[in-house]
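Asks: To be precise about what I am sending: the file is called protein_8.cif and holds mmCIF, C-alpha atoms.
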```cif
data_protein
loop_
_atom_site.label_atom_id
_atom_site.label_comp_id
_atom_site.auth_asym_id
_atom_site.auth_seq_id
_atom_site.Cartn_x
_atom_site.Cartn_y
_atom_site.Cartn_z
CA MET A 243 144.61 128.41 120.86
CA VAL A 244 142.02 125.73 121.66
CA PRO A 245 142.93 122.17 120.70
CA PRO A 246 140.47 120.37 118.40
CA ALA A 247 137.80 118.26 120.07
CA PRO A 248 138.56 114.56 120.23
CA ARG A 249 136.49 112.19 118.12
CA THR A 250 134.23 109.98 120.17
CA THR A 251 132.07 107.00 119.43
CA GLY A 252 128.47 107.01 120.67
CA ARG A 253 126.23 104.06 121.50
CA SER A 254 125.35 103.48 117.85
CA GLY A 255 129.01 103.18 116.92
CA ALA A 256 128.84 106.26 114.68
CA ARG A 257 131.73 108.66 114.96
CA GLN A 258 130.78 112.02 116.37
CA VAL A 259 132.53 115.35 116.31
CA GLY A 260 131.90 117.96 118.95
CA SER A 261 133.33 120.36 121.45
CA PRO A 262 134.01 119.24 125.00
CA GLY A 263 130.73 118.71 126.85
CA LEU A 264 128.54 119.40 123.78
CA PRO A 265 128.65 116.61 121.23
CA GLY A 266 127.95 117.66 117.66
CA PRO A 267 126.00 115.89 114.92
CA ALA A 268 127.00 112.46 113.67
CA SER A 269 129.61 112.65 110.96
CA ASP A 270 131.58 110.47 108.69
CA ASP A 271 135.09 111.46 107.69
CA ARG A 272 133.92 114.59 105.86
CA PRO A 273 134.99 117.84 107.42
CA ALA A 274 132.28 119.92 109.05
CA THR A 275 131.30 122.98 107.03
CA ALA A 276 129.75 126.18 108.23
CA GLY A 277 125.96 125.85 107.96
CA GLY A 278 126.16 122.17 107.04
CA ALA A 279 126.29 120.75 103.51
CA ASP A 280 123.14 118.72 104.14
CA ARG A 281 121.10 121.66 105.37
CA GLY A 282 117.62 121.66 103.78
CA THR A 283 117.77 118.16 102.28
CA VAL A 284 114.90 116.94 104.44
CA SER A 285 112.71 119.75 103.13
CA VAL A 286 113.59 118.90 99.54
CA GLU A 287 112.94 115.20 100.11
CA LEU A 288 109.58 115.98 101.71
CA ALA A 289 108.64 118.32 98.87
CA LEU A 290 109.41 115.57 96.36
CA ALA A 291 107.76 112.70 98.23
CA LEU A 292 104.62 114.38 99.59
CA PRO A 293 102.76 114.72 96.24
CA ALA A 294 103.38 111.04 95.50
CA VAL A 295 102.03 110.02 98.90
CA VAL A 296 98.96 112.23 98.50
CA ALA A 297 98.30 110.83 95.00
CA LEU A 298 98.63 107.28 96.31
CA MET A 299 96.17 107.98 99.11
CA ALA A 300 93.69 109.46 96.63
CA VAL A 301 93.92 106.35 94.46
CA VAL A 302 93.39 104.11 97.49
CA LEU A 303 90.29 106.09 98.51
CA VAL A 304 88.76 106.06 95.01
CA VAL A 305 89.38 102.33 94.55
CA GLY A 306 87.98 101.65 98.03
CA ALA A 307 84.81 103.62 97.31
CA ALA A 308 84.31 101.79 94.00
CA ALA A 309 84.82 98.42 95.69
CA ALA A 310 82.35 99.30 98.45
CA SER A 311 79.78 100.28 95.83
CA GLN A 312 80.32 96.99 93.98
CA LEU A 313 79.83 95.04 97.19
CA ALA A 314 76.65 96.97 97.94
CA VAL A 315 75.05 96.23 94.55
CA THR A 316 76.07 92.56 94.87
CA GLY A 317 74.32 92.35 98.23
CA GLY A 318 71.27 94.10 96.79
CA ALA A 319 71.03 91.65 93.90
CA ARG A 320 71.26 88.71 96.29
CA ALA A 321 68.60 90.14 98.60
CA GLY A 322 66.30 90.76 95.62
CA ALA A 323 66.83 87.22 94.31
CA ARG A 324 65.96 85.76 97.72
CA ALA A 325 62.78 87.83 97.86
CA ALA A 326 61.86 86.80 94.29
CA ALA A 327 62.46 83.12 95.08
CA LEU A 328 59.93 83.40 97.89
CA GLY A 329 57.30 84.59 95.41
CA GLN A 330 57.13 88.22 96.55
CA SER A 331 55.84 90.98 94.28
CA ASP A 332 58.07 93.17 92.13
CA ALA A 333 57.65 96.10 94.55
CA GLU A 334 58.77 93.94 97.48
CA ILE A 335 61.74 92.62 95.47
CA GLU A 336 62.84 96.17 94.59
CA ALA A 337 62.39 97.27 98.19
CA ALA A 338 64.57 94.38 99.44
CA ALA A 339 67.29 95.14 96.87
CA ARG A 340 67.26 98.89 97.59
CA ALA A 341 67.33 98.34 101.35
CA THR A 342 70.56 96.38 100.96
CA ALA A 343 72.24 98.22 98.06
CA GLY A 344 71.10 101.76 98.81
CA GLY A 345 68.41 103.97 97.33
CA SER A 346 70.25 105.05 94.17
CA VAL A 347 70.29 101.58 92.60
CA THR A 348 68.38 100.47 89.51
CA VAL A 349 66.74 97.06 89.95
CA THR A 350 65.85 94.79 87.00
CA ILE A 351 63.83 91.60 87.50
CA ASP A 352 63.89 88.82 84.89
CA ARG A 353 61.57 85.88 85.45
CA GLY A 354 62.17 82.83 83.31
CA GLY A 355 60.46 79.55 84.15
CA ALA A 356 61.56 78.21 87.50
CA MET A 357 64.40 80.76 87.86
CA VAL A 358 64.42 84.46 88.59
CA ARG A 359 67.35 86.84 88.04
CA VAL A 360 67.69 90.20 89.79
CA THR A 361 70.22 92.76 88.53
CA CYS A 362 71.24 95.86 90.48
CA THR A 363 73.12 98.71 88.79
CA ARG A 364 74.52 101.94 90.22
CA SER A 365 76.57 104.76 88.72
CA VAL A 366 79.83 105.39 90.58
CA ALA A 367 82.03 108.48 90.25
CA VAL A 368 85.62 107.42 89.61
CA PRO A 369 87.81 110.51 89.22
CA PRO A 370 89.51 111.13 86.78
CA PHE A 371 87.64 108.57 84.65
CA GLY A 372 84.15 110.01 85.24
CA GLN A 373 81.10 107.83 85.88
CA ARG A 374 81.36 104.04 85.79
CA LEU A 375 78.67 101.44 86.41
CA ALA A 376 78.79 99.00 89.29
CA SER A 377 76.50 96.11 88.40
CA ALA A 378 75.74 92.68 89.84
CA SER A 379 73.23 89.93 89.13
CA ALA A 380 71.94 87.08 91.26
CA ALA A 381 69.71 84.20 90.27
CA ALA A 382 67.60 81.96 92.45
CA ALA A 383 65.28 79.01 91.94
CA CYS A 384 61.65 79.73 92.80
CA GLU A 385 60.11 77.98 95.77
CA PRO A 386 57.81 75.25 94.40
CA ALA A 387 55.00 76.03 96.82
CA ARG A 388 54.99 79.75 96.06
CA GLY A 389 56.05 80.01 92.43
CA CYS A 390 57.87 82.97 90.92
CA GLY A 391 54.99 85.40 91.19
#
```
For the structure just supplied, provide its representation as structure tokens.
Replies:
Amino acid sequence: MVPPAPRTTGRSGARQVGSPGLPGPASDDRPATAGGADRGTVSVELALALPAVVALMAVVLVVGAAAASQLAVTGGARAGARAAALGQSDAEIEAAARATAGGSVTVTIDRGGAMVRVTCTRSVAVPPFGQRLASASAAAACEPARGCG
């Protein structure tokens, strides 16, 4: 008959059970069972956690894309307002706004006295909510020497 293996303490201080020369897995005071009582728990935990992680990553990507689109239309509106303040034509204002915001943006120019307002709007796909609008406006005072066109 072989005597039971002595309990040893590893570097972490956890008690270990094993045969001489081949230490076994870390254990508390529970007796070792054939096949292990914890066998497969990592797979179950992964199966439960993975869909939540994937869903979280999808939400982060969708929100990031919507934020990037909002920043692009804001930059386009500012670029258009700068061009309008310098007295450029409507075509040049739209070109400046589209160059900054991207080609799929709608540009609206509103001239009123000494001020001009440029609004850029773009449709953004936000699954599962469908299409949403990203819109931004910028206003600028017209240059006195050039007027507002």
Asks: Could you list as a PyMOL selection string every residue that has an atom within 10 Å of (76.2, 98.8, 91.1), using the file's coordinates and counting only C-alpha atoms?
Replies: chain A and resi 308-319+343-344+346-349+361-366+374-379
Asks: Can you write just those residues out, C-alpha atoms, as a short mmCIF file (atom, residue, chain, number, x, y, z; two decimals), keeping the file's coordinate frame?
Replies:
```cif
data_model
loop_
_atom_site.label_atom_id
_atom_site.label_comp_id
_atom_site.auth_asym_id
_atom_site.auth_seq_id
_atom_site.Cartn_x
_atom_site.Cartn_y
_atom_site.Cartn_z
CA ALA A 308 84.31 101.79 94.00
CA ALA A 309 84.82 98.42 95.69
CA ALA A 310 82.35 99.30 98.45
CA SER A 311 79.78 100.28 95.83
CA GLN A 312 80.32 96.99 93.98
CA LEU A 313 79.83 95.04 97.19
CA ALA A 314 76.65 96.97 97.94
CA VAL A 315 75.05 96.23 94.55
CA THR A 316 76.07 92.56 94.87
CA GLY A 317 74.32 92.35 98.23
CA GLY A 318 71.27 94.10 96.79
CA ALA A 319 71.03 91.65 93.90
CA ALA A 343 72.24 98.22 98.06
CA GLY A 344 71.10 101.76 98.81
CA SER A 346 70.25 105.05 94.17
CA VAL A 347 70.29 101.58 92.60
CA THR A 348 68.38 100.47 89.51
CA VAL A 349 66.74 97.06 89.95
CA THR A 361 70.22 92.76 88.53
CA CYS A 362 71.24 95.86 90.48
CA THR A 363 73.12 98.71 88.79
CA ARG A 364 74.52 101.94 90.22
CA SER A 365 76.57 104.76 88.72
CA VAL A 366 79.83 105.39 90.58
CA ARG A 374 81.36 104.04 85.79
CA LEU A 375 78.67 101.44 86.41
CA ALA A 376 78.79 99.00 89.29
CA SER A 377 76.50 96.11 88.40
CA ALA A 378 75.74 92.68 89.84
CA SER A 379 73.23 89.93 89.13
#
```
Asks: Name the residues captured by the PyMOL selection byres ((chain A and resi 329) around 10) when it is applied to the shown file; answer as a PyMOL selection string.
Replies: chain A and resi 323-328+330-332+334-335+358+384-391
Asks: For Ala382 (chain A), which residue out of A:Ala307, A:Val368, A:Ile351, A:Met357 is the nearest one, using only C-alpha atoms?
Replies: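 Once distances to Ala382 (chain A) are computed over only C-alpha atoms, the minimum belongs to A:Met357.
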Asks: To one decimal place in Å, what is the distance between CA of Ala289 (chain A) and CA of Gly372 (chain A)?
Replies: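 Computing the Euclidean distance for CA of Ala289 (chain A) and CA of Gly372 (chain A) yields 29.2 Å.
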Asks: If I take CA of Ala337 (chain A) and CA of Val360 (chain A), how far is one from the other in Å, to one decimal?
Replies: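 One can read the CA of Ala337 (chain A) to CA of Val360 (chain A) distance as 12.2 Å.
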Asks: Would you please work out which residue, of A:Leu288, A:Ala367, A:Ala341, A:Ala321, is nearest to Val305 (chain A) when using all atoms listed in the file?
Replies: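 Answer, going by the shortest atom-to-atom distance: A:Ala367.
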Asks: State, in Å with one decimal place, the distance from CA of Gly345 (chain A) to CA of Arg320 (chain A).
Replies: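 Rounded to one decimal, the two atoms are 15.6 Å apart.
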